[in-house]
Amino acid sequence: MRCVAQLNRLRPRPQIVVVTGDLVDTPAADEYEHLTRLLAPLEIPIAVIPGNHDARALVRAQFPAQPYAQGTGALNLLLTVGPLDLVLIDSSVPGAPHGVLDGDTLRWLDATLSMSTARPALLFLHHPPFVTGIKHMDRQNLRNADDLVPLLKRHPRVRLIAAGHVHRTTLTMFAGIAATICPAPNHTVALDLEERYPPSLMIEPPAFHLHAWFAGREYGELVTHVVPIGDFSGPHPFFDAQGRQL
């Protein structure tokens, strides 16, 4: 609920909220119904794809208005938001924690990105196609990331790859493209780069990513902000009415 309230408070208001999976903990109908009740106060359109904790059939049933590209199988989605194409691809593997982009998804992605050479595109999926150094999560990332690389090289209009799954803010490059992992509104995966612990979580400040597109230059400019969830003191002015620093 705090996350929804934080999103509703943003000004200017985002045009869409993208949820890249793990909508519930265990894929049961009552959990998706609970999710729907939590999302009901959200005043911004939403787009969702499944993660490894989801079930495709239940996601499709709970979000019937989502214009998924296929009637069965992977829940891939193309949305046009102003000057941008948002391309959401389903990397979930039913019953498994790791991710794979199946042949139908890769062909759909190639065809979708081929529809334009001029419109910038942002690519969203659940499983990151890159390693994070957190070994127990890297073992369950996108297994066929190598299949994605030549496809992205053919379509340089992709400006961002945005993933989830790891529940920790992460920034890198993949196939020459800026790539992120979004923080989570619940727990955070422990930052353990030496495998000192069993798979562990931390209770760190929850947050989400705000991707802002600024028109201008030849292709526009994308900036990603980390927005903490909660109530914090401020905003406090730097200067008083006479322009003196406080």
# chains A, B, ... in the order shown; residues from 1 in each chain; ligands from 1
>>> select_by_dssp(residues="stretch 4-206 of chain A", states="strand (DSSP E)", output="number ranges by chain")
A: 17-19, 46-48, 77-81, 84-88, 121-124, 158-163, 170-174, 177-181, 188-189, 201-202
>>> write_last_selection(atoms="N, CA and C atoms", output="CSV table (one decimal), in the first residue's frame")
chain,number,residue,atom,x,y,z
A,17,VAL,N,3.0,2.2,-15.0
A,17,VAL,CA,3.8,1.5,-14.0
A,17,VAL,C,4.0,0.1,-14.6
A,18,VAL,N,5.3,-0.3,-14.7
A,18,VAL,CA,5.6,-1.6,-15.2
A,18,VAL,C,6.1,-2.5,-14.1
A,19,VAL,N,5.4,-3.7,-13.9
A,19,VAL,CA,5.8,-4.7,-12.9
A,19,VAL,C,6.4,-5.9,-13.6
A,46,ILE,N,-1.2,0.3,-15.5
A,46,ILE,CA,-0.2,-0.7,-15.1
A,46,ILE,C,-0.1,-1.8,-16.1
A,47,ALA,N,1.2,-2.3,-16.3
A,47,ALA,CA,1.5,-3.4,-17.2
A,47,ALA,C,2.2,-4.4,-16.4
A,48,VAL,N,1.9,-5.7,-16.6
A,48,VAL,CA,2.5,-6.7,-15.8
A,48,VAL,C,2.9,-7.9,-16.7
A,77,LEU,N,4.3,-8.4,-24.4
A,77,LEU,CA,3.5,-7.2,-24.5
A,77,LEU,C,4.2,-6.1,-25.1
A,78,LEU,N,3.6,-5.4,-26.0
A,78,LEU,CA,4.1,-4.2,-26.6
A,78,LEU,C,3.1,-3.0,-26.3
A,79,LEU,N,3.7,-1.9,-25.7
A,79,LEU,CA,2.9,-0.8,-25.4
A,79,LEU,C,3.6,0.5,-26.0
A,80,THR,N,2.8,1.4,-26.5
A,80,THR,CA,3.2,2.6,-27.0
A,80,THR,C,2.9,3.7,-26.0
A,81,VAL,N,4.0,4.4,-25.5
A,81,VAL,CA,3.8,5.4,-24.5
A,81,VAL,C,4.5,6.7,-25.0
A,84,LEU,N,7.9,6.5,-27.0
A,84,LEU,CA,8.6,5.3,-26.7
A,84,LEU,C,7.8,4.0,-27.0
A,85,ASP,N,8.5,3.0,-27.3
A,85,ASP,CA,7.9,1.6,-27.3
A,85,ASP,C,8.4,0.9,-26.1
A,86,LEU,N,7.4,0.4,-25.3
A,86,LEU,CA,7.8,-0.4,-24.1
A,86,LEU,C,7.5,-1.9,-24.5
A,87,VAL,N,8.6,-2.7,-24.5
A,87,VAL,CA,8.5,-4.0,-24.9
A,87,VAL,C,8.8,-4.9,-23.7
A,88,LEU,N,7.7,-5.7,-23.3
A,88,LEU,CA,7.8,-6.5,-22.1
A,88,LEU,C,7.8,-8.0,-22.6
A,121,ALA,N,13.1,2.3,-27.8
A,121,ALA,CA,12.4,1.2,-27.2
A,121,ALA,C,13.1,0.9,-25.8
A,122,LEU,N,12.3,0.6,-24.8
A,122,LEU,CA,12.7,0.1,-23.5
A,122,LEU,C,12.3,-1.3,-23.4
A,123,LEU,N,13.2,-2.2,-22.9
A,123,LEU,CA,12.9,-3.6,-22.9
A,123,LEU,C,12.8,-4.0,-21.4
A,124,PHE,N,11.7,-4.7,-21.0
A,124,PHE,CA,11.5,-5.1,-19.6
A,124,PHE,C,11.4,-6.6,-19.6
A,158,VAL,N,16.9,-0.1,-28.9
A,158,VAL,CA,16.7,-0.4,-27.5
A,158,VAL,C,17.6,0.4,-26.7
A,159,ARG,N,17.1,1.2,-25.8
A,159,ARG,CA,17.8,2.2,-25.0
A,159,ARG,C,18.0,1.7,-23.5
A,160,LEU,N,17.2,0.7,-23.1
A,160,LEU,CA,17.3,0.3,-21.7
A,160,LEU,C,16.8,-1.2,-21.6
A,161,ILE,N,17.5,-2.0,-20.8
A,161,ILE,CA,17.1,-3.3,-20.4
A,161,ILE,C,16.8,-3.2,-18.9
A,162,ALA,N,15.5,-3.4,-18.5
A,162,ALA,CA,15.1,-3.3,-17.1
A,162,ALA,C,14.6,-4.7,-16.6
A,163,ALA,N,15.3,-5.2,-15.6
A,163,ALA,CA,14.9,-6.5,-15.0
A,163,ALA,C,14.5,-6.4,-13.6
A,170,THR,N,20.7,-2.5,-9.2
A,170,THR,CA,21.9,-2.9,-9.9
A,170,THR,C,22.0,-2.2,-11.2
A,171,LEU,N,23.2,-1.7,-11.6
A,171,LEU,CA,23.4,-1.0,-12.8
A,171,LEU,C,24.5,-1.6,-13.6
A,172,THR,N,24.4,-1.8,-14.9
A,172,THR,CA,25.5,-2.3,-15.7
A,172,THR,C,25.2,-2.0,-17.1
A,173,MET,N,26.0,-2.7,-18.0
A,173,MET,CA,25.7,-2.6,-19.5
A,173,MET,C,25.6,-4.1,-20.0
A,174,PHE,N,24.7,-4.2,-20.9
A,174,PHE,CA,24.5,-5.6,-21.5
A,174,PHE,C,24.4,-5.3,-23.0
A,177,ILE,N,24.1,-1.8,-24.0
A,177,ILE,CA,22.9,-1.1,-23.6
A,177,ILE,C,22.9,-1.0,-22.1
A,178,ALA,N,22.5,0.2,-21.6
A,178,ALA,CA,22.3,0.4,-20.2
A,178,ALA,C,21.3,-0.7,-19.6
A,179,ALA,N,21.6,-1.3,-18.5
A,179,ALA,CA,20.8,-2.3,-18.0
A,179,ALA,C,20.7,-2.1,-16.5
A,180,THR,N,19.5,-2.4,-15.9
A,180,THR,CA,19.2,-2.2,-14.5
A,180,THR,C,18.4,-3.3,-13.9
A,181,ILE,N,18.6,-3.5,-12.6
A,181,ILE,CA,17.7,-4.3,-11.8
A,181,ILE,C,17.0,-3.3,-10.9
A,188,THR,N,15.1,-7.2,0.4
A,188,THR,CA,16.2,-7.1,-0.5
A,188,THR,C,17.1,-8.3,-0.4
A,189,VAL,N,17.6,-8.8,-1.5
A,189,VAL,CA,18.6,-9.9,-1.5
A,189,VAL,C,19.9,-9.4,-0.9
A,201,LEU,N,18.3,-12.7,2.9
A,201,LEU,CA,17.6,-11.4,2.5
A,201,LEU,C,18.0,-10.4,3.6
A,202,MET,N,17.7,-9.2,3.3
A,202,MET,CA,17.9,-8.0,4.2
A,202,MET,C,16.6,-7.2,4.2
>>> select_by_dssp(residues="stretch 15-234 of chain A", states="alpha helix (DSSP H)", output="count of residues only")
43
>>> residues_around(residues="stretch 35-38 of chain A", least_positions_apart="4", cutoff="8 Å", atoms="only C-alpha atoms", output="PyMOL selection string")
chain A and resi 1+23-24+31+62
>>> write_last_selection(atoms="N, CA and C atoms", output="PDB file, in the first residue's frame")
ATOM      1  N   MET A   1       0.818  -1.202   0.000  1.00  0.00           N
ATOM      2  CA  MET A   1       0.000   0.000   0.000  1.00  0.00           C
ATOM      3  C   MET A   1       0.861   1.265   0.000  1.00  0.00           C
ATOM      4  N   LEU A  23       4.571 -11.139  -8.909  1.00  0.00           N
ATOM      5  CA  LEU A  23       3.403 -10.396  -8.449  1.00  0.00           C
ATOM      6  C   LEU A  23       2.891 -10.943  -7.124  1.00  0.00           C
ATOM      7  N   VAL A  24       3.120 -12.234  -6.890  1.00  0.00           N
ATOM      8  CA  VAL A  24       2.721 -12.897  -5.654  1.00  0.00           C
ATOM      9  C   VAL A  24       3.887 -13.768  -5.195  1.00  0.00           C
ATOM     10  N   GLU A  31      -4.114 -15.304  -3.830  1.00  0.00           N
ATOM     11  CA  GLU A  31      -3.031 -14.327  -3.747  1.00  0.00           C
ATOM     12  C   GLU A  31      -3.158 -13.261  -4.834  1.00  0.00           C
ATOM     13  N   GLN A  62      -6.198 -12.856 -14.115  1.00  0.00           N
ATOM     14  CA  GLN A  62      -6.386 -11.750 -13.179  1.00  0.00           C
ATOM     15  C   GLN A  62      -6.255 -10.387 -13.848  1.00  0.00           C
TER      16      GLN A  62
END
>>> residues_around(residues="A:Val226", least_positions_apart="4", cutoff="7 Å", atoms="only C-alpha atoms", output="list of chain:residue names")
A:Ala207, A:Phe208, A:His209, A:Leu210
>>> write_last_selection(atoms="C-alpha atoms", output="compact mmCIF listing (two decimals), in the first residue's frame")
# COMPACT_ATOMS: atom_id res chain seq x y z
CA ALA A 207 12.20 1.54 -3.36
CA PHE A 208 11.34 1.50 -7.05
CA HIS A 209 12.84 2.88 -10.26
CA LEU A 210 11.44 5.92 -11.99
>>> atom_distance(atom1="atom CA of A:Leu246", atom2="atom CA of A:Ser233")
16.0 Å
>>> closest_residue(among="A:Ile49, A:Leu151, A:Ala215, A:Ala55", to="A:Ala28", atoms="only C-alpha atoms")
A:Ala55
>>> closest_residue(among="A:Thr20, A:Gln15, A:Gln6, A:Ser116", to="A:Leu75", atoms="only C-alpha atoms")
A:Thr20
>>> closest_residue(among="A:Leu193, A:Leu222, A:Cys182, A:Ala74", to="A:Gly103", atoms="only C-alpha atoms")
A:Ala74
>>> residues_around(residues="A:Leu152", least_positions_apart="2", cutoff="10 Å", atoms="only C-alpha atoms", output="list in words")
Leu109, Asp110, Leu113, Asp147, Leu148, Val149, Pro150, Arg154, His155, Pro156, Arg157, Val158, Phe174, Ala175, Gly176 and Ile177 of chain A
>>> write_last_selection(atoms="N, CA and C atoms", output="mmCIF file, in the first residue's frame")
data_model
loop_
_atom_site.group_PDB
_atom_site.id
_atom_site.type_symbol
_atom_site.label_atom_id
_atom_site.label_comp_id
_atom_site.auth_asym_id
_atom_site.auth_seq_id
_atom_site.Cartn_x
_atom_site.Cartn_y
_atom_site.Cartn_z
ATOM 1 N N LEU A 109 10.021 -10.867 -30.376
ATOM 2 C CA LEU A 109 10.830 -9.701 -30.037
ATOM 3 C C LEU A 109 11.538 -9.155 -31.268
ATOM 4 N N ASP A 110 12.096 -10.031 -32.081
ATOM 5 C CA ASP A 110 12.782 -9.599 -33.292
ATOM 6 C C ASP A 110 11.807 -8.891 -34.234
ATOM 7 N N LEU A 113 10.729 -5.404 -32.676
ATOM 8 C CA LEU A 113 11.756 -4.369 -32.789
ATOM 9 C C LEU A 113 11.995 -3.976 -34.239
ATOM 10 N N ASP A 147 21.454 -15.716 -26.622
ATOM 11 C CA ASP A 147 20.530 -15.619 -27.754
ATOM 12 C C ASP A 147 19.979 -14.202 -27.909
ATOM 13 N N LEU A 148 20.020 -13.439 -26.823
ATOM 14 C CA LEU A 148 19.483 -12.085 -26.853
ATOM 15 C C LEU A 148 20.468 -11.085 -27.460
ATOM 16 N N VAL A 149 21.762 -11.363 -27.312
ATOM 17 C CA VAL A 149 22.780 -10.397 -27.734
ATOM 18 C C VAL A 149 22.701 -10.069 -29.222
ATOM 19 N N PRO A 150 22.756 -11.049 -30.147
ATOM 20 C CA PRO A 150 22.723 -10.685 -31.573
ATOM 21 C C PRO A 150 21.421 -10.002 -31.971
ATOM 22 N N ARG A 154 21.096 -6.173 -33.667
ATOM 23 C CA ARG A 154 20.372 -5.850 -34.910
ATOM 24 C C ARG A 154 19.424 -4.676 -34.726
ATOM 25 N N HIS A 155 19.074 -4.375 -33.489
ATOM 26 C CA HIS A 155 18.062 -3.358 -33.231
ATOM 27 C C HIS A 155 18.598 -2.349 -32.217
ATOM 28 N N PRO A 156 19.418 -1.412 -32.665
ATOM 29 C CA PRO A 156 20.042 -0.467 -31.733
ATOM 30 C C PRO A 156 19.077 0.550 -31.134
ATOM 31 N N ARG A 157 17.797 0.481 -31.489
ATOM 32 C CA ARG A 157 16.857 1.439 -30.896
ATOM 33 C C ARG A 157 16.525 1.104 -29.438
ATOM 34 N N VAL A 158 16.925 -0.064 -28.949
ATOM 35 C CA VAL A 158 16.697 -0.397 -27.535
ATOM 36 C C VAL A 158 17.627 0.449 -26.677
ATOM 37 N N PHE A 174 24.691 -4.243 -20.920
ATOM 38 C CA PHE A 174 24.514 -5.558 -21.546
ATOM 39 C C PHE A 174 24.359 -5.337 -23.037
ATOM 40 N N ALA A 175 25.194 -5.969 -23.821
ATOM 41 C CA ALA A 175 25.173 -5.815 -25.279
ATOM 42 C C ALA A 175 25.278 -4.346 -25.673
ATOM 43 N N GLY A 176 26.040 -3.584 -24.880
ATOM 44 C CA GLY A 176 26.223 -2.169 -25.165
ATOM 45 C C GLY A 176 25.058 -1.285 -24.770
ATOM 46 N N ILE A 177 24.113 -1.816 -24.005
ATOM 47 C CA ILE A 177 22.901 -1.096 -23.620
ATOM 48 C C ILE A 177 22.869 -0.962 -22.104
#
>>> residues_around(residues="A:Val59", least_positions_apart="5", cutoff="8 Å", atoms="only C-alpha atoms", output="number ranges by chain")
A: 32, 49-50, 54
>>> residues_around(residues="A:Gly99", least_positions_apart="3", cutoff="10 Å", atoms="only C-alpha atoms", output="mmCIF file with N, CA and C atoms, in the first residue's frame")
data_model
loop_
_atom_site.group_PDB
_atom_site.id
_atom_site.type_symbol
_atom_site.label_atom_id
_atom_site.label_comp_id
_atom_site.auth_asym_id
_atom_site.auth_seq_id
_atom_site.Cartn_x
_atom_site.Cartn_y
_atom_site.Cartn_z
ATOM 1 N N GLY A 51 6.932 -13.433 -13.256
ATOM 2 C CA GLY A 51 8.255 -13.857 -12.826
ATOM 3 C C GLY A 51 8.205 -15.316 -12.409
ATOM 4 N N ASN A 52 9.257 -15.778 -11.766
ATOM 5 C CA ASN A 52 9.317 -17.193 -11.415
ATOM 6 C C ASN A 52 8.356 -17.576 -10.288
ATOM 7 N N ASP A 90 8.326 -12.130 -21.547
ATOM 8 C CA ASP A 90 8.099 -13.104 -20.484
ATOM 9 C C ASP A 90 9.255 -14.108 -20.465
ATOM 10 N N SER A 91 10.096 -14.012 -19.434
ATOM 11 C CA SER A 91 11.243 -14.924 -19.308
ATOM 12 C C SER A 91 10.973 -16.070 -18.347
ATOM 13 N N SER A 92 9.750 -16.182 -17.831
ATOM 14 C CA SER A 92 9.463 -17.204 -16.828
ATOM 15 C C SER A 92 9.440 -18.598 -17.449
ATOM 16 N N VAL A 93 9.853 -19.565 -16.646
ATOM 17 C CA VAL A 93 9.807 -20.981 -17.020
ATOM 18 C C VAL A 93 8.900 -21.665 -16.009
ATOM 19 N N PRO A 94 7.742 -22.161 -16.421
ATOM 20 C CA PRO A 94 6.797 -22.725 -15.457
ATOM 21 C C PRO A 94 7.459 -23.759 -14.541
ATOM 22 N N ALA A 96 10.041 -23.374 -12.548
ATOM 23 C CA ALA A 96 11.494 -23.256 -12.369
ATOM 24 C C ALA A 96 11.849 -21.847 -11.914
ATOM 25 N N ASP A 102 11.877 -18.264 -24.737
ATOM 26 C CA ASP A 102 11.632 -19.362 -25.673
ATOM 27 C C ASP A 102 11.677 -18.862 -27.115
ATOM 28 N N LEU A 125 11.969 -7.275 -18.607
ATOM 29 C CA LEU A 125 11.814 -8.708 -18.376
ATOM 30 C C LEU A 125 12.099 -8.990 -16.907
ATOM 31 N N HIS A 126 11.786 -10.193 -16.464
ATOM 32 C CA HIS A 126 11.980 -10.508 -15.037
ATOM 33 C C HIS A 126 13.424 -10.885 -14.724
ATOM 34 N N HIS A 127 13.959 -11.840 -15.451
ATOM 35 C CA HIS A 127 15.283 -12.380 -15.137
ATOM 36 C C HIS A 127 16.381 -11.549 -15.798
ATOM 37 N N PRO A 128 17.354 -11.059 -15.024
ATOM 38 C CA PRO A 128 18.446 -10.290 -15.640
ATOM 39 C C PRO A 128 19.277 -11.162 -16.571
ATOM 40 N N PRO A 129 19.680 -10.621 -17.722
ATOM 41 C CA PRO A 129 20.518 -11.387 -18.651
ATOM 42 C C PRO A 129 22.002 -11.284 -18.324
ATOM 43 N N ARG A 139 22.797 -18.050 -10.521
ATOM 44 C CA ARG A 139 22.502 -19.404 -10.994
ATOM 45 C C ARG A 139 21.079 -19.527 -11.517
ATOM 46 N N GLN A 140 20.260 -18.545 -11.222
ATOM 47 C CA GLN A 140 18.869 -18.606 -11.697
ATOM 48 C C GLN A 140 18.498 -17.370 -12.512
ATOM 49 N N ASN A 141 19.491 -16.785 -13.200
ATOM 50 C CA ASN A 141 19.168 -15.641 -14.055
ATOM 51 C C ASN A 141 18.708 -16.138 -15.427
ATOM 52 N N LEU A 142 18.819 -15.307 -16.455
ATOM 53 C CA LEU A 142 18.364 -15.701 -17.790
ATOM 54 C C LEU A 142 19.373 -16.671 -18.399
ATOM 55 N N ARG A 143 18.965 -17.917 -18.648
ATOM 56 C CA ARG A 143 19.878 -18.963 -19.084
ATOM 57 C C ARG A 143 20.365 -18.772 -20.521
ATOM 58 N N ASN A 144 19.548 -18.185 -21.376
ATOM 59 C CA ASN A 144 19.955 -18.061 -22.785
ATOM 60 C C ASN A 144 20.176 -16.605 -23.172
ATOM 61 N N ALA A 145 20.863 -15.877 -22.297
ATOM 62 C CA ALA A 145 21.174 -14.470 -22.598
ATOM 63 C C ALA A 145 21.971 -14.330 -23.884
ATOM 64 N N HIS A 165 13.782 -9.610 -10.253
ATOM 65 C CA HIS A 165 14.244 -10.906 -9.755
ATOM 66 C C HIS A 165 15.203 -10.818 -8.567
#
>>> closest_residue(among="A:Glu204, A:Pro120, A:Arg244, A:Ala212", to="A:Arg11", atoms="only C-alpha atoms")
A:Ala212
>>> closest_residue(among="A:Arg9, A:His187, A:Arg56, A:Arg107", to="A:Ile203", atoms="only C-alpha atoms")
A:His187
